[in-house]
2 protein chains.
Amino acid sequence: MNTRQDDAITRTTATNERWVLAARPQGMVRHSNFRLEHAPLPELLEGEFLVKTQYISLDPAMRGWMNEGKTYIRGVGLGEPMRAFAAGEVVRSRHPNFPVGAFVSGLLGVQRYAVSNGNGVHLVDTALAPATAVALQTSLGALGIPGMTAYFGLQERGQPKNGETVLVSAAAGAVGSLVGQIAKIRGCRAVGIAGGAEKCAMLVQDFGFDAALDYKAGNLAEQLRQACPNGVDVYFDNVGGEILDIALTNLARGARVVICGAISQYNAEVPQGPKNYLKIVTARGIMNGIIVFDYEDRYDEAKRDIAAWLREGRLRTRDHIVTGFERFPEALLMLFSGENVGKLLLRV
Amino acid sequence: MNTRQDDAITRTTATNERWVLAARPQGMVRHSNFRLEHAPLPELLEGEFLVKTQYISLDPAMRGWMNEGKTYIRGVGLGEPMRAFAAGEVVRSRHPNFPVGAFVSGLLGVQRYAVSNGNGVHLVDTALAPATAVALQTSLGALGIPGMTAYFGLQERGQPKNGETVLVSAAAGAVGSLVGQIAKIRGCRAVGIAGGAEKCAMLVQDFGFDAALDYKAGNLAEQLRQACPNGVDVYFDNVGGEILDIALTNLARGARVVICGAISQYNAEVPQGPKNYLKIVTARGIMNGIIVFDYEDRYDEAKRDIAAWLREGRLRTRDHIVTGFERFPEALLMLFSGENVGKLLLRV
């Protein structure tokens with residue numbers, strides 16, 4: 001084992017590289033909000049292990065973590081490594097449950113090497129996937145936070161019933177594509193909103209949505225009325241802004257609006273509230289939200305279901321992989337311009 | 001009886017007077033949106049009766065009824081009498097349950113005389129009040145739609161629990177003053193938002209609120225934090241706009257935001273959405289609304305409770321009475337400038 005662990009490290013450099021938060025963004029995130037830093041690899045204490053990251057997850061929530069102060073989690077401190085979910089291999093270990101050669105996934109940050117004591121990190125079962133790389137990618141997608149968010153957000157907060165219509169925005173993204181597919185598994189009509197003909201075709205052809213609405217094609221309100229003639233029973237919102245406002249115009253009676261994110265607003269200096277919020281009242285609906293960490297003690301249940309659906313081919317995923325650790329800021333920005341199709345990952 | 005009914009009519013004119021919707025408002029309601037019309041008193045058909053209105057209720061919801069199209073109820077048609085709750089005396093009758101001399105309350109419109117077949121109109125028990133005038137006023141306030149709205153909106157939609165903090169805006173208004181008092185009856189801490197020192201003093205001294213916040217005094221967010229150090233468990237919103245946004249900054253975990261109205265926005269050409277709506281997500285809260293008509297089959301239950309509370313002195317009301325049928329538009333506008341203190345009524 002010793003030989004292998006030394007190999008793994010000497011194949012790259014013996015120092016760590018990490019993207020730290022250099023400045024808090026004012027409005028849109030910029031490259032200059034981050035700084036690439038070199039640091040020595042620390043000695044491990046008893047109970048710690050060192051992970052060589054292979055994939056870093058790029059998630060909309062990261063924009064919120066860059067702000068000062070606490071929302072559901074404290075903001076990243078200036079000069080600290082940017083917080084991120086990542087997956088990789090244990091290359092040194094003083095922890096009995098995370099031996100060298102094990103693959104792990106969790107909040108490891110935007111760095112080539114991460115020291116962990118196991119908190120917020122779990123083992124990845126590579127036997128479940130055709131290749132280790134696929135297992136790691138899935139651990140950050142359908143079996144990771146996006147999967148948990150879609151599973152609990154739709155089912156627990158949206159309470160979809162058989163035969164109802166579920167609408168989801170950013171439907172070609174990591175969470176949205178899963179929400180639509182889980183809606184189908186639950187016997188609902190799934191309608192997705194995405195930008196551009198390519199993404200919309202993918203929703204229907206690859207992910208099995210009943211209909212896809214292209215917000216870039218104009219007249220989204222009319223597209224929505226045609227695709228959801230009986231109104232929307234569950235609206236799962238990832239974007240906020242104009243799209244949320246349009247969705248609110250076509251709620252069915254008793255609709256549940258689940259706010260998961262607001263990617264169109266995260267970079268706004270003055271965010272735009274849903275001016276049609278009174279439609280929730282006239283529809284006798286409710287608006288709530290999903291904070292996935294609240295369901296942490298039920299992740300295993302979700303993973304069992306999702307793994308089964310993946311195996312059975314009832315759930316499909318698509319990853320959008322950007323290669324090169326040095327491209328982290330550029331990759332993160334793709335999220336906000338909507339350039340990614342599927343789960344956006346950085347291959348280190 | 002014949003003599004009396006003829007007297008009642010000949011004491012005024014033999015023709016009807018009514019305020020009709022002359023033009024739909026663009027933005028703020030204006031006097032010119034209404035037109036005073038004279039019309040002959042129609043002959044009654046079998047099953048109809050004629051009410052001479054004594055009090056006309058002025059309610060924020062009337063602004064919505066002036067718009068075209070249907071929300072939870074169809075808009076008033078151009079040239080039709082303005083829809084309003086009103087109370088008065090039956091002066092002619094061909095209906096067995098509504099004899100001449102009976103007092104009634106319901107959707108009678110802004111007119112001196114209203115023909116009704118009993119739909120949406122109920123008898124007022126004048127024995128419950130010290131004077132007929134008080135009974136009629138109360139039938140439009142605490143025992144009318146404002147009372148039902150406060151009772152079901154707070155209790156059913158807000159689900160306040162003993163010891164929780166209930167915040168209500170427009171707290172010196174008809175609904176708000178009842179919400180705060182019912183919150184107290186239910187063992188909650190009641191905090192009201194109102195405009196000006198006079199209204200705020202009234203909330204605490206007359207209505208028994210634990211604290212009152214004066215939005216005209218500035219720094220409402222700081223006032224709110226001081227008055228609700230553990231956050232707001234139930235926010236009952238009558239106003240929308242900036243005040244809603246500030247309330248959202250101080251929600252307790254699991255908060256319920258009950259949207260009853262948005263009087264600050266009804267006259268806006270482009271209404272302002274709550275830009276802090278994501279605070280509902282981080283607070284693990286929900287936003288819902290109250291449409292009082294959904295609880296119509298339970299009004300009797302509410303009236304029993306409210307009548308008892310009034311009798312026991314646990315619930316107090318205050319009416320703001322404008323006298324003169326011809327002053328209807330002017331009185332209605334007082335609602336939107338916040339000039340009224342308590343339930344606004346027009347004495348015909």
# chains A, B, ... in the order shown; residues from 1 in each chain; ligands from 1
>>> interface_residues(of="chain B", to="chain A", cutoff="8 Å", atoms="only C-alpha atoms", output="list in words")
Thr71, Tyr72, Ile259, Cys260, Val270, Pro271, Gln272, Gly273, Pro274, Lys275, Asn276, Tyr277, Leu278, Ile280, Val281, Thr282, Arg284, Gly285, Ile286, Met287, Asn288, Gly289, Ile290 and Ile291 of chain B
>>> write_last_selection(atoms="C-alpha atoms", output="tab-separated table (two decimals), in the first residue's frame")
chain	number	residue	atom	x	y	z
B	71	THR	CA	-59.41	36.11	-10.04
B	72	TYR	CA	-61.31	34.33	-7.26
B	259	ILE	CA	-50.92	36.51	2.33
B	260	CYS	CA	-54.28	38.14	2.87
B	270	VAL	CA	-46.33	46.99	-12.09
B	271	PRO	CA	-46.68	45.35	-8.69
B	272	GLN	CA	-43.53	44.72	-6.71
B	273	GLY	CA	-42.80	41.14	-5.77
B	274	PRO	CA	-41.18	40.19	-2.49
B	275	LYS	CA	-37.50	40.28	-3.41
B	276	ASN	CA	-36.68	38.51	-0.13
B	277	TYR	CA	-38.81	35.48	-0.96
B	278	LEU	CA	-35.79	33.18	-0.65
B	280	ILE	CA	-38.91	31.68	3.21
B	281	VAL	CA	-36.74	28.86	1.93
B	282	THR	CA	-33.87	29.39	4.36
B	284	ARG	CA	-37.95	26.40	6.16
B	285	GLY	CA	-41.19	28.34	6.02
B	286	ILE	CA	-44.18	28.37	3.77
B	287	MET	CA	-46.19	31.10	2.11
B	288	ASN	CA	-49.87	30.58	1.57
B	289	GLY	CA	-52.93	32.79	1.38
B	290	ILE	CA	-56.47	33.21	2.56
B	291	ILE	CA	-59.53	33.40	0.32
>>> select_by_dssp(residues="range 140-333 of chain A", states="alpha helix (DSSP H)", output="CSV table (one decimal) with C-alpha atoms, in the first residue's frame")
chain,number,residue,atom,x,y,z
A,140,LEU,CA,-21.7,14.2,-7.4
A,145,ILE,CA,-26.6,16.6,-3.7
A,146,PRO,CA,-28.4,17.2,-7.0
A,147,GLY,CA,-30.1,13.8,-6.7
A,148,MET,CA,-31.0,14.3,-3.1
A,149,THR,CA,-32.3,17.8,-3.9
A,150,ALA,CA,-34.5,16.5,-6.7
A,151,TYR,CA,-35.7,13.5,-4.7
A,152,PHE,CA,-36.7,15.2,-1.5
A,174,ALA,CA,-28.5,18.5,-12.8
A,175,VAL,CA,-31.4,18.9,-10.5
A,176,GLY,CA,-34.1,19.8,-13.1
A,177,SER,CA,-33.5,16.8,-15.3
A,178,LEU,CA,-33.9,14.5,-12.3
A,179,VAL,CA,-37.0,16.3,-11.1
A,180,GLY,CA,-38.7,15.7,-14.4
A,181,GLN,CA,-37.7,12.0,-14.5
A,182,ILE,CA,-38.8,11.4,-10.9
A,183,ALA,CA,-42.1,13.1,-11.7
A,184,LYS,CA,-42.6,10.6,-14.6
A,185,ILE,CA,-41.7,7.7,-12.3
A,197,ALA,CA,-33.9,23.9,-29.0
A,198,GLU,CA,-31.0,21.5,-28.3
A,199,LYS,CA,-31.8,21.3,-24.6
A,200,CYS,CA,-35.5,21.1,-25.2
A,201,ALA,CA,-35.0,18.2,-27.6
A,202,MET,CA,-32.9,16.4,-25.0
A,203,LEU,CA,-35.6,16.8,-22.3
A,204,VAL,CA,-38.1,15.0,-24.4
A,205,GLN,CA,-35.9,12.5,-26.2
A,220,LEU,CA,-43.2,31.4,-22.7
A,221,ALA,CA,-46.6,32.2,-21.1
A,222,GLU,CA,-48.4,30.9,-24.2
A,223,GLN,CA,-46.2,27.9,-24.5
A,224,LEU,CA,-46.9,27.1,-20.9
A,225,ARG,CA,-50.7,27.4,-21.3
A,226,GLN,CA,-50.6,25.0,-24.2
A,227,ALA,CA,-48.4,22.5,-22.5
A,241,GLY,CA,-37.1,36.0,-12.1
A,242,GLU,CA,-39.3,36.2,-15.1
A,243,ILE,CA,-39.7,32.5,-15.5
A,244,LEU,CA,-41.0,32.1,-12.0
A,245,ASP,CA,-43.4,35.0,-12.7
A,246,ILE,CA,-44.7,33.3,-15.8
A,247,ALA,CA,-45.1,29.9,-14.1
A,248,LEU,CA,-47.2,31.6,-11.4
A,278,LEU,CA,-50.7,36.8,-5.3
A,279,LYS,CA,-51.5,34.1,-7.9
A,280,ILE,CA,-50.5,31.6,-5.2
A,281,VAL,CA,-53.3,33.0,-3.1
A,282,THR,CA,-55.9,32.9,-5.8
A,299,TYR,CA,-30.1,10.2,2.0
A,300,ASP,CA,-29.7,6.4,2.1
A,301,GLU,CA,-33.3,5.9,1.3
A,302,ALA,CA,-33.0,8.3,-1.7
A,303,LYS,CA,-29.8,6.6,-2.9
A,304,ARG,CA,-31.4,3.2,-2.8
A,305,ASP,CA,-34.3,4.4,-4.9
A,306,ILE,CA,-32.1,6.4,-7.3
A,307,ALA,CA,-29.5,3.6,-7.7
A,308,ALA,CA,-32.3,1.2,-8.6
A,309,TRP,CA,-33.9,3.6,-11.1
A,310,LEU,CA,-30.4,4.1,-12.7
A,311,ARG,CA,-29.9,0.4,-12.9
A,328,PHE,CA,-12.4,26.3,-12.3
A,329,PRO,CA,-13.6,30.0,-12.5
A,330,GLU,CA,-14.5,29.7,-16.1
A,331,ALA,CA,-16.4,26.4,-15.5
A,332,LEU,CA,-18.3,28.0,-12.6
A,333,LEU,CA,-19.4,30.9,-14.8
>>> select_by_dssp(residues="range 23-84 of chain A", states="strand (DSSP E or B)", output="PyMOL selection string")
chain A and resi 34-40+49-57+70+74+81
>>> residues_around(residues="Arg112 in chain A", least_positions_apart="6", cutoff="8 Å", atoms="only C-alpha atoms", output="PyMOL selection string")
chain A and resi 16-18+52-54+325+348
>>> residues_around(residues="Leu44 in chain A", least_positions_apart="2", cutoff="9 Å", atoms="only C-alpha atoms", output="count of residues only")
11
>>> atom_distance(atom1="CA of Val232 in chain A", atom2="CA of Glu164 in chain A")
7.8 Å
